[in-house]
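The data block below is protein_20.cif; it holds mmCIF, C-alpha atoms.
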```
data_query
loop_
_atom_site.group_PDB
_atom_site.id
_atom_site.type_symbol
_atom_site.label_atom_id
_atom_site.label_comp_id
_atom_site.auth_asym_id
_atom_site.auth_seq_id
_atom_site.Cartn_x
_atom_site.Cartn_y
_atom_site.Cartn_z
ATOM 1 C CA MET A 20 0.000 0.000 0.000
ATOM 2 C CA LYS A 21 1.617 3.253 -1.116
ATOM 3 C CA ARG A 22 0.766 6.316 0.919
ATOM 4 C CA ASN A 23 1.556 9.963 0.329
ATOM 5 C CA LEU A 24 3.176 10.145 3.754
ATOM 6 C CA TYR A 25 5.621 7.422 2.743
ATOM 7 C CA LEU A 26 7.122 9.887 0.279
ATOM 8 C CA LYS A 27 7.465 12.441 3.085
ATOM 9 C CA LEU A 28 9.316 9.840 5.160
ATOM 10 C CA LEU A 29 11.694 9.241 2.256
ATOM 11 C CA GLU A 30 12.390 12.981 2.124
ATOM 12 C CA TRP A 31 13.023 12.956 5.888
ATOM 13 C CA LYS A 32 15.460 10.053 5.493
ATOM 14 C CA LYS A 33 17.442 11.836 2.776
ATOM 15 C CA ASP A 34 17.762 15.107 4.747
ATOM 16 C CA PRO A 35 21.316 15.347 6.150
ATOM 17 C CA ASP A 36 20.077 17.707 8.911
ATOM 18 C CA LYS A 37 17.078 15.582 9.902
ATOM 19 C CA LYS A 38 15.526 15.989 13.317
ATOM 20 C CA PRO A 39 13.889 13.268 15.434
ATOM 21 C CA LEU A 40 10.739 11.881 13.880
ATOM 22 C CA ILE A 41 7.408 12.162 15.698
ATOM 23 C CA ILE A 42 4.280 10.704 14.121
ATOM 24 C CA ARG A 43 0.995 11.935 15.551
ATOM 25 C CA GLY A 44 -2.573 11.487 14.465
ATOM 26 C CA ALA A 45 -5.983 10.031 15.130
ATOM 27 C CA ARG A 46 -6.434 6.429 16.191
ATOM 28 C CA GLN A 47 -6.480 3.660 13.610
ATOM 29 C CA VAL A 48 -5.383 5.646 10.588
ATOM 30 C CA GLY A 49 -2.261 3.596 9.781
ATOM 31 C CA LYS A 50 0.570 5.277 11.703
ATOM 32 C CA THR A 51 2.053 2.016 12.978
ATOM 33 C CA TYR A 52 1.618 0.265 9.650
ATOM 34 C CA LEU A 53 3.328 3.149 7.848
ATOM 35 C CA LEU A 54 6.340 3.153 10.142
ATOM 36 C CA LYS A 55 6.721 -0.627 10.152
ATOM 37 C CA GLU A 56 6.663 -0.704 6.354
ATOM 38 C CA PHE A 57 9.085 2.206 6.149
ATOM 39 C CA GLY A 58 11.515 0.485 8.508
ATOM 40 C CA ARG A 59 11.230 -2.852 6.723
ATOM 41 C CA ARG A 60 11.741 -1.397 3.244
ATOM 42 C CA GLU A 61 14.252 1.380 3.844
ATOM 43 C CA TYR A 62 16.610 -0.005 6.488
ATOM 44 C CA LYS A 63 18.620 -3.194 6.680
ATOM 45 C CA ASN A 64 18.004 -3.422 10.446
ATOM 46 C CA HIS A 65 15.039 -2.015 12.310
ATOM 47 C CA ILE A 66 13.237 -2.583 15.591
ATOM 48 C CA TYR A 67 9.671 -1.912 16.720
ATOM 49 C CA LEU A 68 9.086 -0.880 20.344
ATOM 50 C CA ASN A 69 5.648 -0.275 21.801
ATOM 51 C CA ASN A 70 5.333 1.293 25.212
#
```

Using structure tokens, write down the structure from this file.
Amino acid sequence: MKRNLYLKLLEWKKDPDKKPLIIRGARQVGKTYLLKEFGRREYKNHIYLNN
């Protein structure tokens, strides 16, 4: 599933002066799915922590 926000995350990843990433939004809109997919596709190693 391709989302417009995925492209924004790619821009964030490419930015040499990137700041910490905070994802906020309403419940059940795909925030976790988006970040898990981004981590899986764009990084060799990634970890998911849920507090």

Show which residues sit within 12 Å of range 58-65 of chain A, as a short mmCIF file (atom, residue, chain, number, x, y, z; two decimals) with C-alpha atoms, in the frame of the given file. Count all atoms listed in the file, and ignore same-chain residues fewer than 6 positions away.
```cif
data_model
loop_
_atom_site.label_atom_id
_atom_site.label_comp_id
_atom_site.auth_asym_id
_atom_site.auth_seq_id
_atom_site.Cartn_x
_atom_site.Cartn_y
_atom_site.Cartn_z
CA LYS A 21 1.62 3.25 -1.12
CA TYR A 25 5.62 7.42 2.74
CA LEU A 26 7.12 9.89 0.28
CA LEU A 28 9.32 9.84 5.16
CA LEU A 29 11.69 9.24 2.26
CA GLU A 30 12.39 12.98 2.12
CA TRP A 31 13.02 12.96 5.89
CA LYS A 32 15.46 10.05 5.49
CA LYS A 33 17.44 11.84 2.78
CA THR A 51 2.05 2.02 12.98
CA TYR A 52 1.62 0.26 9.65
#
```

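A straight line drawn from CA of Asn23 in chain A to CA of Arg46 in chain A is 18.1 Å long.
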
Taking the point (7.4, 3.1, 19.4) as given in the file, collect each protein or nucleic acid residue that comes within 12 Å of it, counting all atoms listed in the file, and present the set as a PyMOL selection string.
chain A and resi 40-43+50-52+54-55+58+65-70

Each side padded by 6 Å, which centre and which edge lengths in Å (one decimal) define the axis-aligned box around the listed atoms of range 35-48 of chain A? Give them as AutoDock Vina command-line options.
```
--center_x 7.4 --center_y 10.7 --center_z 11.2 --size_x 39.8 --size_y 26.0 --size_z 22.0
```
